[in-house]
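Chemist: Enclosed is the structure file query-v9.cif (mmCIF, N, CA, C and O atoms).
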```cif
data_upload
loop_
_atom_site.label_atom_id
_atom_site.label_comp_id
_atom_site.auth_asym_id
_atom_site.auth_seq_id
_atom_site.Cartn_x
_atom_site.Cartn_y
_atom_site.Cartn_z
N MET A 1 -59.54 171.33 145.05
CA MET A 1 -58.29 170.99 145.70
C MET A 1 -58.39 169.61 146.35
O MET A 1 -57.43 168.85 146.32
N PHE A 2 -59.55 169.31 146.93
CA PHE A 2 -59.73 168.02 147.59
C PHE A 2 -59.65 166.88 146.57
O PHE A 2 -58.97 165.89 146.79
N VAL A 3 -60.33 167.06 145.45
CA VAL A 3 -60.32 166.05 144.40
C VAL A 3 -58.91 165.89 143.83
O VAL A 3 -58.45 164.77 143.56
N PHE A 4 -58.21 167.00 143.66
CA PHE A 4 -56.83 166.95 143.17
C PHE A 4 -55.94 166.17 144.14
O PHE A 4 -55.13 165.35 143.72
N GLY A 5 -56.11 166.40 145.42
CA GLY A 5 -55.32 165.67 146.41
C GLY A 5 -55.60 164.18 146.39
O GLY A 5 -54.68 163.36 146.48
N LEU A 6 -56.88 163.83 146.29
CA LEU A 6 -57.23 162.41 146.22
C LEU A 6 -56.67 161.76 144.95
O LEU A 6 -56.13 160.65 144.99
N LEU A 7 -56.81 162.45 143.83
CA LEU A 7 -56.30 161.92 142.57
C LEU A 7 -54.78 161.73 142.63
O LEU A 7 -54.26 160.71 142.19
N LEU A 8 -54.10 162.70 143.18
CA LEU A 8 -52.65 162.61 143.30
C LEU A 8 -52.23 161.47 144.22
O LEU A 8 -51.29 160.73 143.94
N GLY A 9 -52.97 161.29 145.31
CA GLY A 9 -52.67 160.18 146.22
C GLY A 9 -52.91 158.82 145.59
O GLY A 9 -52.11 157.89 145.77
N VAL A 10 -54.00 158.69 144.84
CA VAL A 10 -54.28 157.42 144.17
C VAL A 10 -53.23 157.13 143.10
O VAL A 10 -52.76 155.99 142.97
N LEU A 11 -52.84 158.16 142.35
CA LEU A 11 -51.80 157.96 141.34
C LEU A 11 -50.46 157.58 141.97
O LEU A 11 -49.71 156.77 141.42
N ASP A 12 -50.17 158.15 143.14
CA ASP A 12 -48.93 157.81 143.84
C ASP A 12 -48.95 156.35 144.28
O ASP A 12 -47.95 155.63 144.15
N LEU A 13 -50.10 155.90 144.78
CA LEU A 13 -50.19 154.50 145.20
C LEU A 13 -50.17 153.55 144.00
O LEU A 13 -49.56 152.48 144.06
N ALA A 14 -50.82 153.93 142.92
CA ALA A 14 -50.93 153.05 141.77
C ALA A 14 -49.60 152.89 141.03
O ALA A 14 -49.26 151.79 140.60
N PHE A 15 -48.88 153.98 140.87
CA PHE A 15 -47.65 153.93 140.08
C PHE A 15 -46.38 153.91 140.93
O PHE A 15 -45.29 153.84 140.38
N GLY A 16 -46.53 154.01 142.24
CA GLY A 16 -45.37 153.93 143.12
C GLY A 16 -44.37 155.05 142.93
O GLY A 16 -43.17 154.80 142.85
N TRP A 17 -44.85 156.27 142.83
CA TRP A 17 -43.96 157.41 142.61
C TRP A 17 -43.07 157.69 143.82
O TRP A 17 -42.02 158.29 143.70
N GLY A 18 -43.50 157.30 145.01
CA GLY A 18 -42.71 157.51 146.20
C GLY A 18 -42.62 158.98 146.61
O GLY A 18 -41.54 159.47 146.95
N VAL A 19 -43.74 159.67 146.59
CA VAL A 19 -43.76 161.09 146.93
C VAL A 19 -43.63 161.25 148.44
O VAL A 19 -44.31 160.57 149.22
N ASN A 20 -42.75 162.13 148.88
CA ASN A 20 -42.60 162.45 150.29
C ASN A 20 -43.61 163.54 150.63
O ASN A 20 -43.40 164.72 150.35
N TRP A 21 -44.72 163.15 151.22
CA TRP A 21 -45.84 164.07 151.43
C TRP A 21 -45.57 165.09 152.53
O TRP A 21 -46.18 166.16 152.55
N GLU A 22 -44.67 164.82 153.45
CA GLU A 22 -44.43 165.74 154.56
C GLU A 22 -43.56 166.92 154.16
O GLU A 22 -43.73 168.03 154.66
N ASP A 23 -42.59 166.72 153.29
CA ASP A 23 -41.64 167.78 152.98
C ASP A 23 -42.08 168.68 151.83
O ASP A 23 -41.49 169.73 151.61
N ASN A 24 -43.07 168.31 151.07
CA ASN A 24 -43.45 169.06 149.88
C ASN A 24 -44.76 169.83 150.05
O ASN A 24 -45.48 170.05 149.08
N THR A 25 -45.08 170.25 151.26
CA THR A 25 -46.37 170.91 151.47
C THR A 25 -46.47 172.23 150.72
O THR A 25 -47.52 172.56 150.19
N LEU A 26 -45.38 173.00 150.68
CA LEU A 26 -45.40 174.26 149.95
C LEU A 26 -45.54 174.01 148.45
O LEU A 26 -46.30 174.70 147.76
N LEU A 27 -44.86 173.01 147.95
CA LEU A 27 -44.96 172.67 146.54
C LEU A 27 -46.37 172.25 146.16
O LEU A 27 -46.89 172.66 145.13
N TRP A 28 -47.02 171.42 146.99
CA TRP A 28 -48.39 171.00 146.69
C TRP A 28 -49.36 172.17 146.77
O TRP A 28 -50.32 172.24 146.00
N GLY A 29 -49.13 173.09 147.67
CA GLY A 29 -49.97 174.28 147.76
C GLY A 29 -49.83 175.17 146.53
O GLY A 29 -50.82 175.68 145.99
N ILE A 30 -48.61 175.35 146.07
CA ILE A 30 -48.38 176.16 144.87
C ILE A 30 -48.93 175.45 143.63
O ILE A 30 -49.51 176.07 142.75
N LEU A 31 -48.78 174.13 143.57
CA LEU A 31 -49.32 173.37 142.46
C LEU A 31 -50.85 173.36 142.48
O LEU A 31 -51.49 173.27 141.43
N GLY A 32 -51.43 173.48 143.64
CA GLY A 32 -52.88 173.47 143.76
C GLY A 32 -53.55 174.74 143.28
O GLY A 32 -54.74 174.73 142.96
N ILE A 33 -52.82 175.85 143.20
CA ILE A 33 -53.41 177.12 142.76
C ILE A 33 -53.92 177.02 141.32
O ILE A 33 -55.07 177.35 141.05
N PRO A 34 -53.12 176.54 140.35
CA PRO A 34 -53.66 176.41 139.00
C PRO A 34 -54.80 175.39 138.90
O PRO A 34 -55.74 175.58 138.13
N VAL A 35 -54.73 174.34 139.72
CA VAL A 35 -55.80 173.35 139.72
C VAL A 35 -57.10 173.98 140.22
O VAL A 35 -58.17 173.77 139.65
N GLY A 36 -57.02 174.78 141.26
CA GLY A 36 -58.20 175.46 141.77
C GLY A 36 -58.75 176.47 140.77
O GLY A 36 -59.97 176.57 140.59
N LEU A 37 -57.88 177.22 140.13
CA LEU A 37 -58.32 178.18 139.11
C LEU A 37 -58.98 177.46 137.93
O LEU A 37 -60.00 177.93 137.41
N LEU A 38 -58.43 176.34 137.53
CA LEU A 38 -59.02 175.57 136.44
C LEU A 38 -60.39 175.03 136.84
O LEU A 38 -61.32 175.03 136.02
N ALA A 39 -60.55 174.61 138.08
CA ALA A 39 -61.84 174.10 138.55
C ALA A 39 -62.88 175.22 138.58
O ALA A 39 -64.03 175.01 138.18
N VAL A 40 -62.50 176.41 139.03
CA VAL A 40 -63.43 177.53 139.05
C VAL A 40 -63.84 177.93 137.64
O VAL A 40 -65.01 178.18 137.36
N TRP A 41 -62.88 177.95 136.73
CA TRP A 41 -63.18 178.29 135.34
C TRP A 41 -64.12 177.24 134.71
O TRP A 41 -65.05 177.56 133.99
N GLY A 42 -63.86 175.97 135.00
CA GLY A 42 -64.71 174.90 134.49
C GLY A 42 -66.14 175.00 135.00
O GLY A 42 -67.10 174.81 134.25
N LEU A 43 -66.30 175.33 136.27
CA LEU A 43 -67.64 175.52 136.84
C LEU A 43 -68.32 176.72 136.19
O LEU A 43 -69.52 176.68 135.89
N TYR A 44 -67.59 177.79 135.95
CA TYR A 44 -68.14 178.97 135.30
C TYR A 44 -68.65 178.65 133.90
O TYR A 44 -69.76 179.02 133.52
N VAL A 45 -67.84 177.93 133.12
CA VAL A 45 -68.25 177.57 131.75
C VAL A 45 -69.46 176.65 131.79
O VAL A 45 -70.40 176.80 131.01
N PHE A 46 -69.48 175.69 132.70
CA PHE A 46 -70.61 174.78 132.83
C PHE A 46 -71.90 175.52 133.14
O PHE A 46 -72.93 175.31 132.50
N LEU A 47 -71.84 176.41 134.14
CA LEU A 47 -73.05 177.16 134.51
C LEU A 47 -73.47 178.14 133.43
O LEU A 47 -74.67 178.32 133.18
N GLU A 48 -72.52 178.77 132.76
CA GLU A 48 -72.86 179.70 131.68
C GLU A 48 -73.59 178.98 130.55
O GLU A 48 -74.61 179.46 130.05
N ASN A 49 -73.09 177.81 130.16
CA ASN A 49 -73.75 177.05 129.10
C ASN A 49 -75.13 176.56 129.53
O ASN A 49 -76.07 176.56 128.75
N ARG A 50 -75.25 176.16 130.77
CA ARG A 50 -76.54 175.66 131.27
C ARG A 50 -77.56 176.78 131.36
O ARG A 50 -78.72 176.59 131.03
N TRP A 51 -77.15 177.96 131.80
CA TRP A 51 -78.08 179.06 131.95
C TRP A 51 -78.48 179.67 130.60
O TRP A 51 -79.53 180.26 130.48
N LYS A 52 -77.64 179.53 129.60
CA LYS A 52 -78.00 180.03 128.27
C LYS A 52 -79.10 179.18 127.65
O LYS A 52 -79.88 179.68 126.84
N LYS A 53 -79.18 177.90 128.01
CA LYS A 53 -80.19 177.01 127.46
C LYS A 53 -81.57 177.27 128.08
O LYS A 53 -82.57 176.99 127.45
N VAL A 54 -81.62 177.75 129.31
CA VAL A 54 -82.87 177.97 130.00
C VAL A 54 -83.40 179.36 129.66
O VAL A 54 -82.71 180.36 129.90
N VAL A 55 -84.61 179.40 129.10
CA VAL A 55 -85.22 180.68 128.75
C VAL A 55 -86.38 180.93 129.71
O VAL A 55 -87.29 180.11 129.83
N VAL A 56 -86.35 182.04 130.39
CA VAL A 56 -87.39 182.40 131.34
C VAL A 56 -88.36 183.35 130.64
O VAL A 56 -87.96 184.43 130.20
N PRO A 57 -89.64 182.95 130.52
CA PRO A 57 -90.60 183.85 129.88
C PRO A 57 -90.87 185.07 130.76
O PRO A 57 -91.04 184.94 131.98
N ILE A 58 -90.89 186.22 130.15
CA ILE A 58 -91.12 187.46 130.88
C ILE A 58 -92.60 187.79 130.84
O ILE A 58 -93.18 187.91 129.76
N LYS A 59 -93.21 187.92 132.01
CA LYS A 59 -94.63 188.26 132.10
C LYS A 59 -94.76 189.76 132.30
O LYS A 59 -93.97 190.38 133.01
N ASP A 60 -95.76 190.31 131.68
CA ASP A 60 -96.05 191.73 131.87
C ASP A 60 -97.02 191.87 133.03
O ASP A 60 -98.22 191.99 132.84
N GLU A 61 -96.49 191.81 134.25
CA GLU A 61 -97.33 191.81 135.44
C GLU A 61 -97.77 193.21 135.84
O GLU A 61 -98.71 193.36 136.61
N ILE A 62 -97.11 194.22 135.34
CA ILE A 62 -97.48 195.58 135.72
C ILE A 62 -98.87 195.92 135.18
O ILE A 62 -99.66 196.59 135.85
N SER A 63 -99.19 195.42 134.00
CA SER A 63 -100.52 195.71 133.44
C SER A 63 -101.62 194.96 134.17
O SER A 63 -102.80 195.26 133.99
N GLN A 64 -101.28 194.02 135.01
CA GLN A 64 -102.28 193.24 135.75
C GLN A 64 -102.62 193.85 137.11
O GLN A 64 -103.51 193.35 137.80
N ILE A 65 -101.94 194.92 137.50
CA ILE A 65 -102.18 195.54 138.79
C ILE A 65 -103.57 196.17 138.80
O ILE A 65 -103.95 196.90 137.91
N GLY A 66 -104.33 195.86 139.83
CA GLY A 66 -105.67 196.43 140.00
C GLY A 66 -106.80 195.63 139.36
O GLY A 66 -107.96 195.93 139.58
N LYS A 67 -106.49 194.62 138.59
CA LYS A 67 -107.52 193.79 137.97
C LYS A 67 -107.97 192.71 138.94
O LYS A 67 -107.25 192.31 139.84
N ASP A 68 -109.19 192.21 138.73
CA ASP A 68 -109.72 191.15 139.58
C ASP A 68 -108.97 189.86 139.34
O ASP A 68 -108.59 189.54 138.22
N VAL A 69 -108.79 189.09 140.41
CA VAL A 69 -108.13 187.80 140.33
C VAL A 69 -109.19 186.75 140.09
O VAL A 69 -110.16 186.66 140.83
N ASP A 70 -109.08 185.96 139.05
CA ASP A 70 -110.09 184.93 138.74
C ASP A 70 -109.84 183.70 139.54
O ASP A 70 -108.84 183.19 139.74
#
```
Take the structure from the file and write it as structure tokens.
Modeler:
Amino acid sequence: MFVFGLLLGVLDLAFGWGVNWEDNTLLWGILGIPVGLLAVWGLYVFLENRWKKVVVPIKDEISQIGKDVD
């Protein structure tokens, strides 16, 4: 939401849209819901792809119980 707000503010300054920021608070909040959901989904996909690449070797540590430590 923070990044969306900054991006929207920069675009307003760059293109001179003339957005009245005081009167549209409910509209920006409602518009921010899909942006937030999209950001959460993007983070989920990013982490899912990253974790699929990492393979953790499984050690059979139960069979090592009671043995001498070298």
Chemist: Could you please determine the separation between CA of Glu22 in chain A and CA of Gly36 in chain A in Å, to one decimal place?
Modeler: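 Separating CA of Glu22 in chain A from CA of Gly36 in chain A is a distance of 21.2 Å.
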Chemist: What is the atom O of Phe15 in chain A to atom N of Ile30 in chain A distance in Å?
Modeler: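 Taking atom O of Phe15 in chain A and atom N of Ile30 in chain A, their separation equals 22.5 Å.
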Chemist: In Å to one decimal, how far is atom N of Gly32 in chain A from atom C of Val19 in chain A?
Modeler: 15.3 Å
Chemist: Between A:Gly66, A:Gly16, A:Met1, A:Leu7, single out the one closest to Leu37 in chain A, counting only C-alpha atoms.
Modeler: A:Met1
Chemist: Name the closest residue to Leu31 in chain A among the candidates A:Leu8, A:Ile58, A:Val69, A:Leu13; distances are taken between atoms, counting only C-alpha atoms.
Modeler: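 The closest residue to Leu31 in chain A is A:Leu8.
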Chemist: Box for range 53-70 of chain A - axis-aligned, 8 Å on each of the six sides, all listed atoms - centre and size in Å to one decimal, as AutoDock Vina command-line options.
Modeler:
```
--center_x -94.7 --center_y 186.9 --center_z 134.1 --size_x 47.0 --size_y 35.9 --size_z 29.4
```
